[in-house]
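S.K.: File name structure06.txt; file contents compact mmCIF, C-alpha atoms and all ligand atoms; full text below.
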# COMPACT_ATOMS: atom_id res chain seq x y z
CA MET A 647 7.02 0.29 -4.00
CA SER A 648 7.12 3.25 -6.22
CA PHE A 649 5.96 4.21 -9.65
CA ARG A 650 9.01 5.41 -11.56
CA LYS A 651 8.14 8.85 -12.83
CA PRO A 652 11.09 10.83 -14.26
CA GLY A 653 11.82 14.02 -12.37
CA PHE A 654 9.47 13.19 -9.50
CA GLN A 655 12.12 12.72 -6.74
CA LEU A 656 12.44 15.64 -4.32
CA GLY A 657 15.97 16.97 -4.17
CA ALA A 658 17.56 18.35 -0.95
CA LYS A 659 16.67 21.90 -2.01
CA GLU A 660 12.99 21.09 -2.66
CA LYS A 661 12.77 19.20 0.65
CA PHE A 662 14.15 22.25 2.46
CA PHE A 663 11.61 24.60 0.86
CA LEU A 664 8.79 22.13 1.50
CA ALA A 665 9.78 22.02 5.19
CA ILE A 666 9.86 25.84 5.37
CA PHE A 667 6.45 25.98 3.70
CA LEU A 668 4.95 23.42 6.10
CA ILE A 669 6.36 25.17 9.18
CA GLY A 670 5.12 28.55 7.92
CA PHE A 671 1.72 27.14 7.19
CA PHE A 672 1.20 25.19 10.41
CA ALA A 673 2.96 27.35 13.00
CA PRO A 674 0.08 29.86 13.38
CA LEU A 675 -2.36 26.96 13.90
CA CYS A 676 -0.10 25.47 16.56
CA SER A 677 0.13 28.65 18.59
CA MET A 678 -3.64 28.44 19.09
CA GLY A 679 -3.85 24.94 20.63
CA SER A 680 -2.08 22.32 22.71
CA SER A 681 0.94 20.57 21.23
CA VAL A 682 -0.95 17.24 20.87
CA ALA A 683 -3.90 18.90 19.11
CA CYS A 684 -1.41 20.84 17.04
CA ALA A 685 0.45 17.70 15.95
CA ALA A 686 -2.84 16.02 15.04
CA ALA A 687 -3.88 19.06 12.98
CA ASN A 688 -0.48 19.13 11.26
CA PHE A 689 -0.74 15.47 10.31
CA ARG A 690 -4.32 15.93 9.08
CA GLU A 691 -3.31 18.84 6.87
CA ALA A 692 -0.27 16.99 5.56
CA ARG A 693 -2.44 13.94 4.83
CA SER A 694 -4.95 15.95 2.84
CA LYS A 695 -2.10 17.51 0.83
CA MET A 696 -0.80 13.98 0.15
CA VAL A 697 -4.29 12.97 -1.07
CA GLN A 698 -4.21 15.88 -3.54
CA GLU A 699 -0.78 14.76 -4.78
CA ILE A 700 -2.09 11.22 -5.31
CA GLU A 701 -5.05 12.61 -7.27
CA ALA A 702 -2.66 14.60 -9.46
CA ASP A 703 -0.46 11.52 -10.02
CA VAL A 704 -3.51 9.46 -10.96
CA LYS A 705 -4.42 12.09 -13.58
CA SER A 706 -0.90 12.15 -15.00
CA THR A 707 -0.83 8.33 -15.24
CA ARG A 708 -4.40 7.97 -16.62
CA PHE A 709 -3.14 6.27 -19.80
CA PHE A 710 -1.77 3.40 -17.71
CA LEU A 711 -4.69 3.26 -15.31
CA ASP A 712 -7.44 3.77 -17.86
CA ARG A 713 -9.17 6.19 -15.47
CA GLU A 714 -8.82 9.80 -14.34
CA ILE A 715 -9.84 9.33 -10.74
CA LEU A 716 -9.84 6.49 -8.23
CA ASP A 717 -12.87 5.22 -6.32
CA PRO A 718 -13.80 7.97 -3.81
CA ARG A 719 -14.08 5.26 -1.10
CA VAL A 720 -10.42 4.37 -1.65
CA MET A 721 -9.38 8.02 -1.47
CA ALA A 722 -11.44 8.43 1.71
CA ALA A 723 -9.59 5.47 3.24
CA ILE A 724 -6.22 7.00 2.31
CA ALA A 725 -7.41 10.30 3.83
CA THR A 726 -8.33 8.48 7.05
CA VAL A 727 -5.43 6.10 7.83
CA PRO A 728 -2.74 7.82 9.94
CA ARG A 729 0.37 6.93 7.91
CA HIS A 730 2.61 8.61 10.51
CA GLU A 731 1.70 5.77 12.91
CA PHE A 732 3.16 3.20 10.48
CA VAL A 733 6.65 4.66 10.02
CA PRO A 734 9.63 4.61 12.43
CA PRO A 735 9.86 7.69 14.72
CA ARG A 736 12.64 9.34 12.72
CA GLN A 737 10.54 9.11 9.51
CA LYS A 738 7.40 10.73 11.03
CA THR A 739 8.04 14.17 9.56
CA LEU A 740 8.26 12.55 6.11
CA ALA A 741 5.22 10.29 6.57
CA TYR A 742 2.97 12.31 4.26
CA LEU A 743 5.38 12.71 1.38
CA ASN A 744 4.05 10.68 -1.53
CA ARG A 745 6.97 8.26 -1.53
CA PRO A 746 8.14 4.95 -0.05
CA LEU A 747 10.02 5.11 3.27
CA PRO A 748 12.32 2.64 5.06
CA ILE A 749 10.72 0.62 7.89
CA GLY A 750 13.77 -1.45 8.91
CA HIS A 751 14.99 -4.96 7.97
CA GLY A 752 15.72 -3.66 4.45
CA GLN A 753 11.98 -3.21 3.78
CA THR A 754 9.79 -0.22 2.96
CA ILE A 755 6.29 1.13 3.40
CA SER A 756 4.97 1.58 -0.14
CA GLN A 757 4.39 4.90 -1.89
CA PRO A 758 0.85 6.14 -1.03
CA TYR A 759 0.01 6.58 -4.74
CA ILE A 760 0.81 2.88 -5.33
CA VAL A 761 -1.20 1.82 -2.26
CA ALA A 762 -4.17 3.81 -3.59
CA VAL A 763 -3.88 2.37 -7.12
CA MET A 764 -3.49 -1.24 -5.94
CA THR A 765 -6.42 -0.89 -3.53
CA ASP A 766 -8.60 0.66 -6.24
CA LEU A 767 -7.84 -2.22 -8.63
CA LEU A 768 -9.05 -4.74 -6.02
CA ASN A 769 -12.61 -3.33 -6.29
CA LEU A 770 -13.35 -4.28 -2.67
CA SER A 771 -16.86 -4.56 -1.28
CA PRO A 772 -17.74 -3.82 2.37
CA THR A 773 -18.57 -7.53 2.82
CA GLY A 774 -15.39 -8.75 1.12
CA LYS A 775 -12.59 -10.93 2.41
CA VAL A 776 -9.08 -9.96 1.32
CA LEU A 777 -5.59 -11.43 1.64
CA GLU A 778 -2.44 -9.32 1.62
CA VAL A 779 1.01 -10.89 1.11
CA GLY A 780 3.70 -8.63 2.62
CA THR A 781 2.34 -6.92 5.77
CA GLY A 782 5.42 -4.71 6.25
CA SER A 783 4.33 -1.82 8.45
CA GLY A 784 0.63 -2.77 8.29
CA TYR A 785 -0.30 0.44 6.43
CA GLN A 786 -1.78 -1.25 3.33
CA ALA A 787 -3.66 -3.67 5.64
CA ALA A 788 -5.19 -0.69 7.48
CA VAL A 789 -6.32 0.85 4.17
CA LEU A 790 -7.87 -2.50 3.18
CA ALA A 791 -9.54 -2.76 6.60
CA GLU A 792 -11.35 0.55 5.94
CA LEU A 793 -12.96 -0.99 2.84
CA ALA A 794 -13.47 -4.74 3.40
CA ALA A 795 -15.06 -6.85 6.13
CA GLU A 796 -12.05 -9.09 6.81
CA VAL A 797 -8.35 -8.65 6.10
CA PHE A 798 -5.76 -11.43 6.39
CA THR A 799 -2.14 -10.41 5.99
CA ILE A 800 1.07 -12.46 5.96
CA GLU A 801 4.60 -11.23 6.68
CA ILE A 802 7.75 -13.34 6.36
CA ILE A 803 9.96 -11.20 8.68
CA ARG A 804 8.78 -11.98 12.20
CA PRO A 805 9.64 -8.65 13.95
CA LEU A 806 7.90 -6.65 11.20
CA GLY A 807 4.80 -8.84 11.34
CA GLU A 808 4.64 -8.74 15.15
CA ASP A 809 5.08 -4.96 15.27
CA ALA A 810 2.44 -4.49 12.57
CA GLY A 811 -0.01 -6.74 14.45
CA GLU A 812 0.44 -4.73 17.66
CA ARG A 813 0.17 -1.42 15.80
CA LEU A 814 -3.04 -2.41 14.01
CA ALA A 815 -4.58 -3.61 17.30
CA ARG A 816 -3.56 -0.39 19.08
CA LEU A 817 -5.15 1.68 16.31
CA GLY A 818 -8.38 -0.30 16.64
CA TYR A 819 -8.28 -2.34 13.42
CA LYS A 820 -10.25 -5.33 14.73
CA ASN A 821 -10.92 -6.84 11.30
CA VAL A 822 -7.24 -7.55 10.48
CA GLN A 823 -5.42 -10.78 11.28
CA VAL A 824 -1.64 -10.98 10.87
CA ARG A 825 0.26 -14.21 10.35
CA ILE A 826 4.02 -14.78 10.21
CA GLY A 827 4.96 -17.03 7.30
CA ASP A 828 5.62 -17.36 3.60
CA GLY A 829 2.76 -15.68 1.77
CA TYR A 830 3.63 -17.45 -1.50
CA TYR A 831 1.47 -20.32 -0.20
CA GLY A 832 -1.40 -18.05 0.86
CA TRP A 833 -3.67 -18.71 3.86
CA LYS A 834 -5.43 -21.96 2.98
CA GLU A 835 -7.66 -22.17 6.07
CA GLU A 836 -9.24 -18.79 5.29
CA ALA A 837 -9.58 -19.24 1.51
CA PRO A 838 -11.33 -18.48 -0.77
CA PHE A 839 -10.72 -14.72 -0.95
CA ASP A 840 -12.55 -12.07 -2.97
CA ALA A 841 -9.26 -10.29 -3.53
CA ILE A 842 -5.53 -10.82 -3.01
CA VAL A 843 -2.84 -8.15 -3.06
CA VAL A 844 0.86 -8.98 -3.14
CA THR A 845 3.11 -6.11 -2.05
CA ALA A 846 6.48 -7.65 -2.99
CA ALA A 847 7.78 -8.46 -6.48
CA ALA A 848 7.30 -12.08 -7.58
CA SER A 849 9.03 -13.81 -10.50
CA HIS A 850 5.68 -15.38 -11.46
CA ILE A 851 2.07 -15.47 -10.29
CA PRO A 852 2.01 -17.98 -7.39
CA PRO A 853 -0.35 -20.88 -8.30
CA PRO A 854 -1.47 -21.33 -4.64
CA LEU A 855 -2.76 -17.75 -4.65
CA ILE A 856 -4.77 -18.34 -7.85
CA GLN A 857 -6.26 -21.44 -6.21
CA GLN A 858 -7.24 -19.42 -3.14
CA LEU A 859 -9.15 -16.77 -5.15
CA LYS A 860 -12.94 -17.07 -5.51
CA SER A 861 -14.34 -17.35 -9.03
CA GLY A 862 -14.61 -13.73 -10.16
CA GLY A 863 -11.91 -12.78 -7.64
CA ILE A 864 -9.11 -10.29 -8.35
CA MET A 865 -5.40 -10.37 -7.58
CA VAL A 866 -3.01 -7.42 -7.90
CA ILE A 867 0.66 -8.38 -7.99
CA PRO A 868 3.96 -6.93 -9.22
CA VAL A 869 5.76 -9.49 -11.39
CA GLY A 870 9.25 -9.22 -12.85
CA THR A 871 12.95 -9.29 -12.08
CA PRO A 872 14.02 -8.43 -8.50
CA PHE A 873 15.63 -4.97 -8.05
CA MET A 874 14.53 -3.96 -11.56
CA THR A 875 11.30 -2.45 -12.84
CA GLN A 876 8.40 -4.90 -12.68
CA GLN A 877 4.89 -4.83 -14.15
CA LEU A 878 1.91 -4.42 -11.87
CA LEU A 879 -0.55 -7.10 -13.00
CA LEU A 880 -4.30 -7.27 -12.55
CA VAL A 881 -5.25 -10.95 -12.49
CA THR A 882 -8.93 -11.95 -12.71
CA LYS A 883 -10.01 -15.51 -11.98
CA GLU A 884 -12.95 -15.72 -14.37
CA ASP A 885 -13.82 -19.26 -13.23
CA GLU A 886 -11.99 -22.42 -12.13
CA GLU A 887 -10.58 -22.92 -15.64
CA LYS A 888 -9.89 -19.40 -16.87
CA THR A 889 -7.70 -16.57 -15.56
CA THR A 890 -7.06 -13.30 -17.40
CA VAL A 891 -4.07 -11.02 -16.84
CA ARG A 892 -3.80 -7.29 -17.64
CA GLN A 893 -0.62 -5.19 -17.32
CA ILE A 894 -1.29 -1.95 -15.47
CA LEU A 895 1.93 0.01 -15.01
CA PRO A 896 5.69 -0.28 -14.35
CA VAL A 897 6.59 -0.38 -10.65
CA ARG A 898 9.53 -1.16 -8.41
CA PHE A 899 9.00 -3.40 -5.36
CA VAL A 900 11.29 -5.26 -2.96
CA PRO A 901 11.44 -8.97 -3.86
CA LEU A 902 9.06 -11.66 -2.65
CA THR A 903 11.38 -13.90 -0.65
CA GLY A 904 10.91 -17.43 0.68
CA LYS A 905 11.76 -20.98 -0.32
CA HIS A 906 9.72 -21.22 -3.54
N1 LIG B 1001 2.37 -3.58 2.50
C1 LIG B 1001 3.45 -3.05 3.28
C2 LIG B 1001 3.09 -1.81 4.03
O1 LIG B 1001 1.97 -1.31 3.87
O2 LIG B 1001 3.93 -1.34 4.79
C3 LIG B 1001 4.71 -2.84 2.47
C4 LIG B 1001 5.27 -4.10 2.08
S1 LIG B 1001 6.96 -4.12 1.65
C5 LIG B 1001 6.97 -3.29 0.16
C6 LIG B 1001 7.06 -5.84 1.19
C7 LIG B 1001 6.92 -6.76 2.36
O3 LIG B 1001 6.79 -8.08 1.86
C8 LIG B 1001 8.14 -6.76 3.27
O4 LIG B 1001 7.76 -6.49 4.58
C9 LIG B 1001 8.69 -8.18 3.11
O5 LIG B 1001 9.31 -8.68 4.26
C10 LIG B 1001 7.42 -8.93 2.76
N2 LIG B 1001 7.65 -10.22 2.09
C11 LIG B 1001 8.59 -10.54 1.16
N3 LIG B 1001 8.44 -11.82 0.79
C12 LIG B 1001 7.40 -12.33 1.49
C13 LIG B 1001 6.77 -13.60 1.53
N4 LIG B 1001 7.18 -14.62 0.79
N5 LIG B 1001 5.72 -13.76 2.36
C14 LIG B 1001 5.27 -12.74 3.14
N6 LIG B 1001 5.84 -11.52 3.15
C15 LIG B 1001 6.88 -11.31 2.32
Do you think you could lay out the structure here as structure tokens?
M.R.:
Amino acid sequence: MSFRKPGFQLGAKEKFFLAIFLIGFFAPLCSMGSSVACAAANFREARSKMVQEIEADVKSTRFFLDREILDPRVMAAIATVPRHEFVPPRQKTLAYLNRPLPIGHGQTISQPYIVAVMTDLLNLSPTGKVLEVGTGSGYQAAVLAELAAEVFTIEIIRPLGEDAGERLARLGYKNVQVRIGDGYYGWKEEAPFDAIVVTAAASHIPPPLIQQLKSGGIMVIPVGTPFMTQQLLLVTKEDEEKTTVRQILPVRFVPLTGKH
């Protein structure tokens, strides 16, 4: 779930200074209000700093992305969704670092930069219907729900899918439906979709997902060898006979599992 950029990892020393900076910056604000209001303000500030980091990463990867900035609607969605609600309690202080984080069961919530890029590539419309394979924490589904009319998301690990479903409902995301199952086969009853996003690395583009795309529909999927660097692919179903594939950038995702 991360774009591999040399020298981008924060070391222990940098993390320490970042923490000192954040405390120094937010402490005066907190002394003025209640602790709940203070926490909300802290998260808001941290989120807007994360948005700036994503914007800087987009600029530095413009040769891969073929653009300098992402759709402002996508960035507004990233600036809105409370990522701290989607990570385990002990990860909350790290929720707005621009990096993947563990969510249990050997899985991760993806790096915010990657979520933003993948969402941007989907070119969603407010009336659109989108399928996500790999619900995980539900964070990507929440970002999609800010931009499309209907979101369907499939998770193969039952406890993750159930937790994500409850979390999304608690946060008021009424346009998201979560299903437990193998997303390789898509969600036939709800097809066709305007867009499909796969958030785990596949060895190939799953034919059932191509079938479930509308003509003119877009799929974004990491394809390659598990536990190695994969290529993020932009797949466009031109019509029932023709599909085009464009490589976007190298990424590293957990594998797409299941019986296929
Ligand atoms: N989109 C998630 C989020 O916002 O938190 C992150 C997804 S995580 C990188 C990949 C997820 O794909 C894991 O939760 C994993 O269990 C799930 N997964 C792997 N293979 C799957 C499959 N065949 N069908 C559905 N989900 C799958």
S.K.: What are the nearest atom pairs, with distances in Å to one decimal, for all residues of chain A that come at most 7 Å from ligand LIG 1001 (chain B), using only C-alpha atoms and all ligand atoms, set out by chain and rising residue number as CSV?
M.R.:
residue,atom,partner,partner_atom,distance
A:Met647,CA,B:LIG1001,C5,5.5
A:Gln753,CA,B:LIG1001,C8,5.3
A:Thr754,CA,B:LIG1001,S1,5.0
A:Ile755,CA,B:LIG1001,O2,3.7
A:Ser756,CA,B:LIG1001,C3,5.1
A:Val779,CA,B:LIG1001,C14,5.1
A:Gly780,CA,B:LIG1001,O3,3.2
A:Thr781,CA,B:LIG1001,N1,4.7
A:Gly782,CA,B:LIG1001,O4,3.4
A:Ser783,CA,B:LIG1001,O2,3.7
A:Gly784,CA,B:LIG1001,O1,4.8
A:Tyr785,CA,B:LIG1001,O1,3.8
A:Gln786,CA,B:LIG1001,O1,3.8
A:Ala787,CA,B:LIG1001,O1,6.4
A:Ile800,CA,B:LIG1001,C14,5.1
A:Glu801,CA,B:LIG1001,N6,3.8
A:Ile802,CA,B:LIG1001,C14,4.1
A:Ile803,CA,B:LIG1001,O5,5.1
A:Leu806,CA,B:LIG1001,O4,6.6
A:Gly827,CA,B:LIG1001,N5,6.0
A:Asp828,CA,B:LIG1001,N5,3.8
A:Gly829,CA,B:LIG1001,N5,3.6
A:Tyr830,CA,B:LIG1001,N4,5.1
A:Thr845,CA,B:LIG1001,C4,5.1
A:Ala846,CA,B:LIG1001,C6,4.6
A:Phe899,CA,B:LIG1001,C5,5.9
A:Val900,CA,B:LIG1001,C5,5.7
A:Pro901,CA,B:LIG1001,C11,6.0
A:Leu902,CA,B:LIG1001,N3,3.5
A:Thr903,CA,B:LIG1001,N3,3.9
A:Gly904,CA,B:LIG1001,N4,4.7
S.K.: Show me, as a VMD selection string, the residues that have an atom within 12 Å of Phe732 in chain A when counting all atoms listed in the file, minus same-chain residues fewer than 2 positions from it.
M.R.: chain A and resid 727 to 730 734 to 738 740 to 742 746 to 750 754 to 756 781 to 789 806 809 to 814 816 to 817
S.K.: Check the smallest atom-to-atom distance from each of A:Lys775, A:Arg693, A:Lys820, A:Arg719 to Leu743 in chain A using only C-alpha atoms, then report the winner.
M.R.: A:Arg693
S.K.: Need to verify the contact set: range 850-859 of chain A, 12 Å, all atoms listed in the file, exclusion of same-chain residues closer than 3 positions in sequence. Can you return it as a PyMOL selection string?
M.R.: chain A and resi 774-779+828-844+846-847+862-872+876-891+901-902+906
S.K.: Emit the selected residues as a CSV table (one decimal), in the coordinates of the input, including C-alpha atoms.
M.R.:
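Generated output (again_25.csv):
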chain,number,residue,atom,x,y,z
A,774,GLY,CA,-15.4,-8.8,1.1
A,775,LYS,CA,-12.6,-10.9,2.4
A,776,VAL,CA,-9.1,-10.0,1.3
A,777,LEU,CA,-5.6,-11.4,1.6
A,778,GLU,CA,-2.4,-9.3,1.6
A,779,VAL,CA,1.0,-10.9,1.1
A,828,ASP,CA,5.6,-17.4,3.6
A,829,GLY,CA,2.8,-15.7,1.8
A,830,TYR,CA,3.6,-17.4,-1.5
A,831,TYR,CA,1.5,-20.3,-0.2
A,832,GLY,CA,-1.4,-18.0,0.9
A,833,TRP,CA,-3.7,-18.7,3.9
A,834,LYS,CA,-5.4,-22.0,3.0
A,835,GLU,CA,-7.7,-22.2,6.1
A,836,GLU,CA,-9.2,-18.8,5.3
A,837,ALA,CA,-9.6,-19.2,1.5
A,838,PRO,CA,-11.3,-18.5,-0.8
A,839,PHE,CA,-10.7,-14.7,-1.0
A,840,ASP,CA,-12.6,-12.1,-3.0
A,841,ALA,CA,-9.3,-10.3,-3.5
A,842,ILE,CA,-5.5,-10.8,-3.0
A,843,VAL,CA,-2.8,-8.2,-3.1
A,844,VAL,CA,0.9,-9.0,-3.1
A,846,ALA,CA,6.5,-7.6,-3.0
A,847,ALA,CA,7.8,-8.5,-6.5
A,862,GLY,CA,-14.6,-13.7,-10.2
A,863,GLY,CA,-11.9,-12.8,-7.6
A,864,ILE,CA,-9.1,-10.3,-8.4
A,865,MET,CA,-5.4,-10.4,-7.6
A,866,VAL,CA,-3.0,-7.4,-7.9
A,867,ILE,CA,0.7,-8.4,-8.0
A,868,PRO,CA,4.0,-6.9,-9.2
A,869,VAL,CA,5.8,-9.5,-11.4
A,870,GLY,CA,9.2,-9.2,-12.8
A,871,THR,CA,13.0,-9.3,-12.1
A,872,PRO,CA,14.0,-8.4,-8.5
A,876,GLN,CA,8.4,-4.9,-12.7
A,877,GLN,CA,4.9,-4.8,-14.2
A,878,LEU,CA,1.9,-4.4,-11.9
A,879,LEU,CA,-0.6,-7.1,-13.0
A,880,LEU,CA,-4.3,-7.3,-12.6
A,881,VAL,CA,-5.2,-11.0,-12.5
A,882,THR,CA,-8.9,-12.0,-12.7
A,883,LYS,CA,-10.0,-15.5,-12.0
A,884,GLU,CA,-13.0,-15.7,-14.4
A,885,ASP,CA,-13.8,-19.3,-13.2
A,886,GLU,CA,-12.0,-22.4,-12.1
A,887,GLU,CA,-10.6,-22.9,-15.6
A,888,LYS,CA,-9.9,-19.4,-16.9
A,889,THR,CA,-7.7,-16.6,-15.6
A,890,THR,CA,-7.1,-13.3,-17.4
A,891,VAL,CA,-4.1,-11.0,-16.8
A,901,PRO,CA,11.4,-9.0,-3.9
A,902,LEU,CA,9.1,-11.7,-2.6
A,906,HIS,CA,9.7,-21.2,-3.5
S.K.: Using only C-alpha atoms for the distances, tell me which of A:Ala687, A:Leu716, A:Val733, A:Ala702 is nearest to Leu768 in chain A.
M.R.: A:Leu716
S.K.: Taking into account all atoms listed in the file, which residue in the set A:Ala692, A:Tyr759, A:Leu790, A:Arg804 is nearest to Ser706 in chain A?
M.R.: A:Tyr759
S.K.: Could you get me a file of range 718-731 of chain A with N, CA and C atoms, as a PDB file, in the first residue's frame, taken from the block above?
M.R.:
ATOM      1  N   PRO A 718      -9.419  18.382  -7.323  1.00  0.00           N
ATOM      2  CA  PRO A 718      -9.694  19.038  -6.030  1.00  0.00           C
ATOM      3  C   PRO A 718     -10.802  18.326  -5.238  1.00  0.00           C
ATOM      4  N   ARG A 719     -11.733  17.674  -5.944  1.00  0.00           N
ATOM      5  CA  ARG A 719     -12.806  16.949  -5.223  1.00  0.00           C
ATOM      6  C   ARG A 719     -12.227  15.765  -4.454  1.00  0.00           C
ATOM      7  N   VAL A 720     -11.218  15.124  -5.057  1.00  0.00           N
ATOM      8  CA  VAL A 720     -10.570  13.989  -4.370  1.00  0.00           C
ATOM      9  C   VAL A 720      -9.819  14.494  -3.139  1.00  0.00           C
ATOM     10  N   MET A 721      -9.103  15.614  -3.311  1.00  0.00           N
ATOM     11  CA  MET A 721      -8.347  16.148  -2.174  1.00  0.00           C
ATOM     12  C   MET A 721      -9.293  16.621  -1.064  1.00  0.00           C
ATOM     13  N   ALA A 722     -10.465  17.143  -1.478  1.00  0.00           N
ATOM     14  CA  ALA A 722     -11.449  17.571  -0.465  1.00  0.00           C
ATOM     15  C   ALA A 722     -11.963  16.352   0.309  1.00  0.00           C
ATOM     16  N   ALA A 723     -12.146  15.234  -0.393  1.00  0.00           N
ATOM     17  CA  ALA A 723     -12.605  14.010   0.292  1.00  0.00           C
ATOM     18  C   ALA A 723     -11.552  13.529   1.290  1.00  0.00           C
ATOM     19  N   ILE A 724     -10.288  13.567   0.871  1.00  0.00           N
ATOM     20  CA  ILE A 724      -9.193  13.139   1.770  1.00  0.00           C
ATOM     21  C   ILE A 724      -9.137  14.083   2.982  1.00  0.00           C
ATOM     22  N   ALA A 725      -9.414  15.370   2.742  1.00  0.00           N
ATOM     23  CA  ALA A 725      -9.375  16.349   3.834  1.00  0.00           C
ATOM     24  C   ALA A 725     -10.576  16.202   4.772  1.00  0.00           C
ATOM     25  N   THR A 726     -11.580  15.458   4.346  1.00  0.00           N
ATOM     26  CA  THR A 726     -12.812  15.314   5.129  1.00  0.00           C
ATOM     27  C   THR A 726     -12.847  14.022   5.954  1.00  0.00           C
ATOM     28  N   VAL A 727     -12.390  12.911   5.360  1.00  0.00           N
ATOM     29  CA  VAL A 727     -12.572  11.602   6.024  1.00  0.00           C
ATOM     30  C   VAL A 727     -11.638  11.490   7.243  1.00  0.00           C
ATOM     31  N   PRO A 728     -12.208  11.179   8.414  1.00  0.00           N
ATOM     32  CA  PRO A 728     -11.406  11.112   9.644  1.00  0.00           C
ATOM     33  C   PRO A 728     -10.597   9.813   9.730  1.00  0.00           C
ATOM     34  N   ARG A 729      -9.383   9.833   9.167  1.00  0.00           N
ATOM     35  CA  ARG A 729      -8.587   8.588   9.094  1.00  0.00           C
ATOM     36  C   ARG A 729      -8.334   7.993  10.484  1.00  0.00           C
ATOM     37  N   HIS A 730      -8.312   8.853  11.518  1.00  0.00           N
ATOM     38  CA  HIS A 730      -8.037   8.326  12.868  1.00  0.00           C
ATOM     39  C   HIS A 730      -9.130   7.370  13.336  1.00  0.00           C
ATOM     40  N   GLU A 731     -10.323   7.458  12.723  1.00  0.00           N
ATOM     41  CA  GLU A 731     -11.418   6.548  13.087  1.00  0.00           C
ATOM     42  C   GLU A 731     -11.222   5.162  12.475  1.00  0.00           C
TER      43      GLU A 731
END
